[in-house]
Amino acid sequence: MEKIYPESILNRLLPHYKFYNDKGISSEVLSYLRSGLATEGAMYQRYVFPIYNSDSCIHGFSGRNMSKTSVDRPKWKHMGKKSTWIYPYYVNGANNEVQQSIEEKDYVILVESIGDLLSLHEAGIKNVLVTFGTSLSSSMICFLVSLSCKKIVLSLNNDSDKSTNRGFVGALKSYLKLLNYFSKNSITIHLPTKNDFGDMSLSSIGDWLQALESNLNSNKSNCYKDKILSYIDSGEISKSLYKKKFFDG
């Protein structure tokens, strides 16, 4: 059984928001996510985001390193079973802005990290879930099936400056996994225009959103077959993920 943490543990988090405020993230966004700076314990000197489950219980934490002296520390540390997280869909229970926004917009945006989520929230885009990496977990896929919204948008990082765009490859792999449950018309890949949303200004995020919604409203079929086959040939995508029936007709 997964470990459940008492709500009182959040009393140990300080509302020290300067690091993210300096990055353009408001205290309102950070407070809504019930986040704060840990000054003791396993998340010492990390800015911590509690992860809630469907029973409104804390079943994990994700912490961003704040220490400037411990250079060997990983940037992010996760506590709990990350593969079960649906974040931040259950933060603040019935008053969850993410749930409300997904219901209103009828589509969900999947991003790689909490940093991406923060930038989109700051831009007023709340229908966002975090994948915590470039791969979709089975729990996330099952959740998306149960959600029954019209569209799924894969917006992983855009590593266009690298020899292999890992975010795009991850999005294509996720696209192939989702085709087992959704039609091609239901899934769109729409990467950030820079490496990630944290690198984008609010106005450029607004332009990105306008282009996305124009694409979603066009009802054009999104077929990434040629790109997928190219990455299969280069060994970046496993041939076992590809099913010809998805692209026939």
# chains A, B, ... in the order shown; residues from 1 in each chain; ligands from 1
>>> closest_atom_pairs(of="segment 146-191 of chain A", to="segment 115-134 of chain A", cutoff="8 Å", atoms="only C-alpha atoms", output="tab-separated table")
residue	atom	partner	partner_atom	distance
A:Leu156	CA	A:Thr134	CA	6.7
A:Arg166	CA	A:Thr134	CA	7.7
A:Gly167	CA	A:Thr134	CA	6.3
A:Gly170	CA	A:Thr134	CA	4.8
A:Ala171	CA	A:Thr134	CA	6.9
>>> write_last_selection(atoms="N, CA and C atoms", output="short mmCIF file (atom, residue, chain, number, x, y, z; two decimals), in the first residue's frame")
data_model
loop_
_atom_site.label_atom_id
_atom_site.label_comp_id
_atom_site.auth_asym_id
_atom_site.auth_seq_id
_atom_site.Cartn_x
_atom_site.Cartn_y
_atom_site.Cartn_z
N LEU A 156 4.97 18.30 -24.38
CA LEU A 156 6.22 18.03 -23.69
C LEU A 156 7.29 19.01 -24.16
N ARG A 166 14.09 15.05 -27.67
CA ARG A 166 13.54 14.04 -26.75
C ARG A 166 12.08 14.31 -26.40
N GLY A 167 11.72 15.58 -26.28
CA GLY A 167 10.34 15.91 -25.97
C GLY A 167 9.39 15.49 -27.09
N GLY A 170 9.20 11.71 -27.16
CA GLY A 170 8.33 11.27 -26.07
C GLY A 170 6.87 11.51 -26.38
N ALA A 171 6.57 12.66 -27.02
CA ALA A 171 5.19 12.97 -27.40
C ALA A 171 4.68 11.97 -28.43
#
>>> select_by_dssp(residues="segment 25-129 of chain A", states="strand (DSSP E or B)", output="MDAnalysis selection string")
chainID A and resid 36:38 46:52 58:65 76:80 87 107:111 128:129
>>> write_last_selection(atoms="C-alpha atoms", output="PDB file, in the first residue's frame")
ATOM      1  CA  GLY A  36       6.373  25.916   0.213  1.00  0.00           C
ATOM      2  CA  LEU A  37      10.002  25.671   1.251  1.00  0.00           C
ATOM      3  CA  ALA A  38      11.072  22.691   3.368  1.00  0.00           C
ATOM      4  CA  ARG A  46      13.763  22.089  -1.548  1.00  0.00           C
ATOM      5  CA  TYR A  47      10.690  23.963  -2.684  1.00  0.00           C
ATOM      6  CA  VAL A  48       7.975  21.343  -2.240  1.00  0.00           C
ATOM      7  CA  PHE A  49       4.661  20.620  -3.955  1.00  0.00           C
ATOM      8  CA  PRO A  50       2.349  18.117  -2.200  1.00  0.00           C
ATOM      9  CA  ILE A  51       0.675  15.529  -4.438  1.00  0.00           C
ATOM     10  CA  TYR A  52      -2.930  14.610  -3.634  1.00  0.00           C
ATOM     11  CA  ILE A  58      -1.323  13.510   0.300  1.00  0.00           C
ATOM     12  CA  HIS A  59       0.443  10.519  -1.264  1.00  0.00           C
ATOM     13  CA  GLY A  60       3.633  12.136  -2.449  1.00  0.00           C
ATOM     14  CA  PHE A  61       5.825  15.208  -2.784  1.00  0.00           C
ATOM     15  CA  SER A  62       7.849  16.770  -5.561  1.00  0.00           C
ATOM     16  CA  GLY A  63      10.649  19.093  -4.485  1.00  0.00           C
ATOM     17  CA  ARG A  64      12.794  21.495  -6.486  1.00  0.00           C
ATOM     18  CA  ASN A  65      16.355  21.969  -5.193  1.00  0.00           C
ATOM     19  CA  TRP A  76      13.994  17.550  -8.637  1.00  0.00           C
ATOM     20  CA  LYS A  77      13.334  14.918  -5.984  1.00  0.00           C
ATOM     21  CA  HIS A  78      10.120  12.890  -5.807  1.00  0.00           C
ATOM     22  CA  MET A  79       8.723  11.064  -2.776  1.00  0.00           C
ATOM     23  CA  GLY A  80       5.936   8.547  -3.337  1.00  0.00           C
ATOM     24  CA  TYR A  87      -1.226  16.202 -10.606  1.00  0.00           C
ATOM     25  CA  TYR A 107      -9.533  19.307 -23.503  1.00  0.00           C
ATOM     26  CA  VAL A 108      -6.479  18.641 -21.337  1.00  0.00           C
ATOM     27  CA  ILE A 109      -2.860  19.713 -21.848  1.00  0.00           C
ATOM     28  CA  LEU A 110      -0.101  17.335 -20.718  1.00  0.00           C
ATOM     29  CA  VAL A 111       3.253  18.885 -19.776  1.00  0.00           C
ATOM     30  CA  VAL A 128      -3.086  21.147 -17.423  1.00  0.00           C
ATOM     31  CA  LEU A 129      -1.717  17.897 -15.958  1.00  0.00           C
TER      32      LEU A 129
END
>>> select_by_dssp(residues="segment 29-217 of chain A", states="alpha helix (DSSP H)", output="PyMOL selection string")
chain A and resi 29-32+97-105+114-122+138-147+166-178+202-217
>>> closest_residue(among="A:Tyr231, A:Tyr20, A:Trp208, A:Phe246", to="His190 of chain A", atoms="only C-alpha atoms")
A:Trp208
>>> residues_around(residues="segment 174-184 of chain A", least_positions_apart="3", cutoff="12 Å", atoms="only C-alpha atoms", output="VMD selection string")
chain A and resid 110 to 112 131 133 to 138 140 to 156 167 to 171 187 to 190 219 to 225 227 to 229 237 to 249
>>> closest_residue(among="A:Met43, A:Leu172, A:Ile86, A:Ile9", to="Met66 of chain A", atoms="only C-alpha atoms")
A:Met43
>>> closest_residue(among="A:Thr164, A:Asn217, A:Ser204, A:Ser83", to="Gly235 of chain A", atoms="only C-alpha atoms")
A:Thr164
>>> closest_residue(among="A:Asn95, A:His16, A:Ile25, A:Ser54", to="Ser201 of chain A", atoms="only C-alpha atoms")
A:Ile25
>>> decode(residues="segment 222-233 of chain A", atoms="all heavy atoms", output="compact mmCIF listing (two decimals), in the first residue's frame")
# COMPACT_ATOMS: atom_id res chain seq x y z
N ASN A 222 -4.91 14.78 -37.22
CA ASN A 222 -3.49 14.89 -36.91
C ASN A 222 -2.83 13.53 -37.12
O ASN A 222 -3.08 12.59 -36.38
CB ASN A 222 -3.30 15.35 -35.46
CG ASN A 222 -3.87 16.74 -35.23
OD1 ASN A 222 -3.46 17.69 -35.85
ND2 ASN A 222 -4.83 16.84 -34.31
N CYS A 223 -2.00 13.42 -38.12
CA CYS A 223 -1.34 12.16 -38.42
C CYS A 223 0.17 12.38 -38.45
O CYS A 223 0.66 13.19 -39.25
CB CYS A 223 -1.82 11.59 -39.75
SG CYS A 223 -1.07 9.99 -40.13
N TYR A 224 0.86 11.71 -37.58
CA TYR A 224 2.31 11.88 -37.46
C TYR A 224 3.04 10.64 -37.98
O TYR A 224 4.14 10.34 -37.56
CB TYR A 224 2.67 12.16 -36.00
CG TYR A 224 1.89 13.31 -35.41
CD1 TYR A 224 0.75 13.10 -34.63
CD2 TYR A 224 2.29 14.62 -35.65
CE1 TYR A 224 0.03 14.16 -34.11
CE2 TYR A 224 1.58 15.70 -35.12
CZ TYR A 224 0.45 15.45 -34.35
OH TYR A 224 -0.26 16.52 -33.83
N LYS A 225 2.39 9.95 -38.90
CA LYS A 225 2.91 8.66 -39.37
C LYS A 225 4.34 8.75 -39.90
O LYS A 225 5.19 7.95 -39.53
CB LYS A 225 1.98 8.11 -40.46
CG LYS A 225 2.43 6.77 -41.03
CD LYS A 225 1.44 6.27 -42.10
CE LYS A 225 1.91 4.96 -42.71
NZ LYS A 225 0.95 4.46 -43.73
N ASP A 226 4.60 9.71 -40.78
CA ASP A 226 5.93 9.80 -41.39
C ASP A 226 7.02 10.03 -40.35
O ASP A 226 8.10 9.43 -40.41
CB ASP A 226 5.96 10.90 -42.45
CG ASP A 226 5.11 10.56 -43.67
OD1 ASP A 226 4.80 9.36 -43.85
OD2 ASP A 226 4.76 11.47 -44.43
N LYS A 227 6.74 10.93 -39.41
CA LYS A 227 7.71 11.20 -38.34
C LYS A 227 7.94 9.97 -37.49
O LYS A 227 9.08 9.64 -37.11
CB LYS A 227 7.21 12.35 -37.47
CG LYS A 227 7.30 13.71 -38.10
CD LYS A 227 8.76 14.18 -38.17
CE LYS A 227 8.86 15.61 -38.65
NZ LYS A 227 10.28 16.05 -38.73
N ILE A 228 6.86 9.26 -37.16
CA ILE A 228 6.97 8.05 -36.35
C ILE A 228 7.82 7.00 -37.05
O ILE A 228 8.72 6.40 -36.46
CB ILE A 228 5.57 7.49 -36.02
CG1 ILE A 228 4.84 8.45 -35.06
CG2 ILE A 228 5.65 6.09 -35.41
CD1 ILE A 228 3.36 8.18 -34.94
N LEU A 229 7.53 6.77 -38.33
CA LEU A 229 8.30 5.77 -39.10
C LEU A 229 9.77 6.15 -39.19
O LEU A 229 10.65 5.29 -39.15
CB LEU A 229 7.70 5.61 -40.49
CG LEU A 229 6.30 4.96 -40.54
CD1 LEU A 229 5.78 4.94 -41.97
CD2 LEU A 229 6.34 3.55 -39.96
N SER A 230 10.04 7.44 -39.30
CA SER A 230 11.42 7.91 -39.37
C SER A 230 12.15 7.60 -38.06
O SER A 230 13.30 7.13 -38.08
CB SER A 230 11.44 9.42 -39.63
OG SER A 230 12.76 9.93 -39.55
N TYR A 231 11.49 7.84 -36.93
CA TYR A 231 12.11 7.56 -35.64
C TYR A 231 12.19 6.06 -35.36
O TYR A 231 13.08 5.61 -34.63
CB TYR A 231 11.35 8.27 -34.52
CG TYR A 231 11.70 9.74 -34.39
CD1 TYR A 231 10.72 10.72 -34.56
CD2 TYR A 231 12.99 10.14 -34.09
CE1 TYR A 231 11.04 12.07 -34.44
CE2 TYR A 231 13.32 11.49 -33.97
CZ TYR A 231 12.34 12.44 -34.15
OH TYR A 231 12.66 13.78 -34.02
N ILE A 232 11.30 5.27 -35.94
CA ILE A 232 11.41 3.81 -35.83
C ILE A 232 12.65 3.34 -36.58
O ILE A 232 13.42 2.51 -36.08
CB ILE A 232 10.14 3.12 -36.36
CG1 ILE A 232 8.97 3.34 -35.39
CG2 ILE A 232 10.37 1.62 -36.56
CD1 ILE A 232 7.63 2.81 -35.88
N ASP A 233 12.87 3.89 -37.76
CA ASP A 233 14.04 3.53 -38.56
C ASP A 233 15.34 3.88 -37.85
O ASP A 233 16.35 3.15 -37.96
CB ASP A 233 14.01 4.24 -39.92
CG ASP A 233 12.94 3.67 -40.85
OD1 ASP A 233 12.49 2.54 -40.60
OD2 ASP A 233 12.55 4.37 -41.81
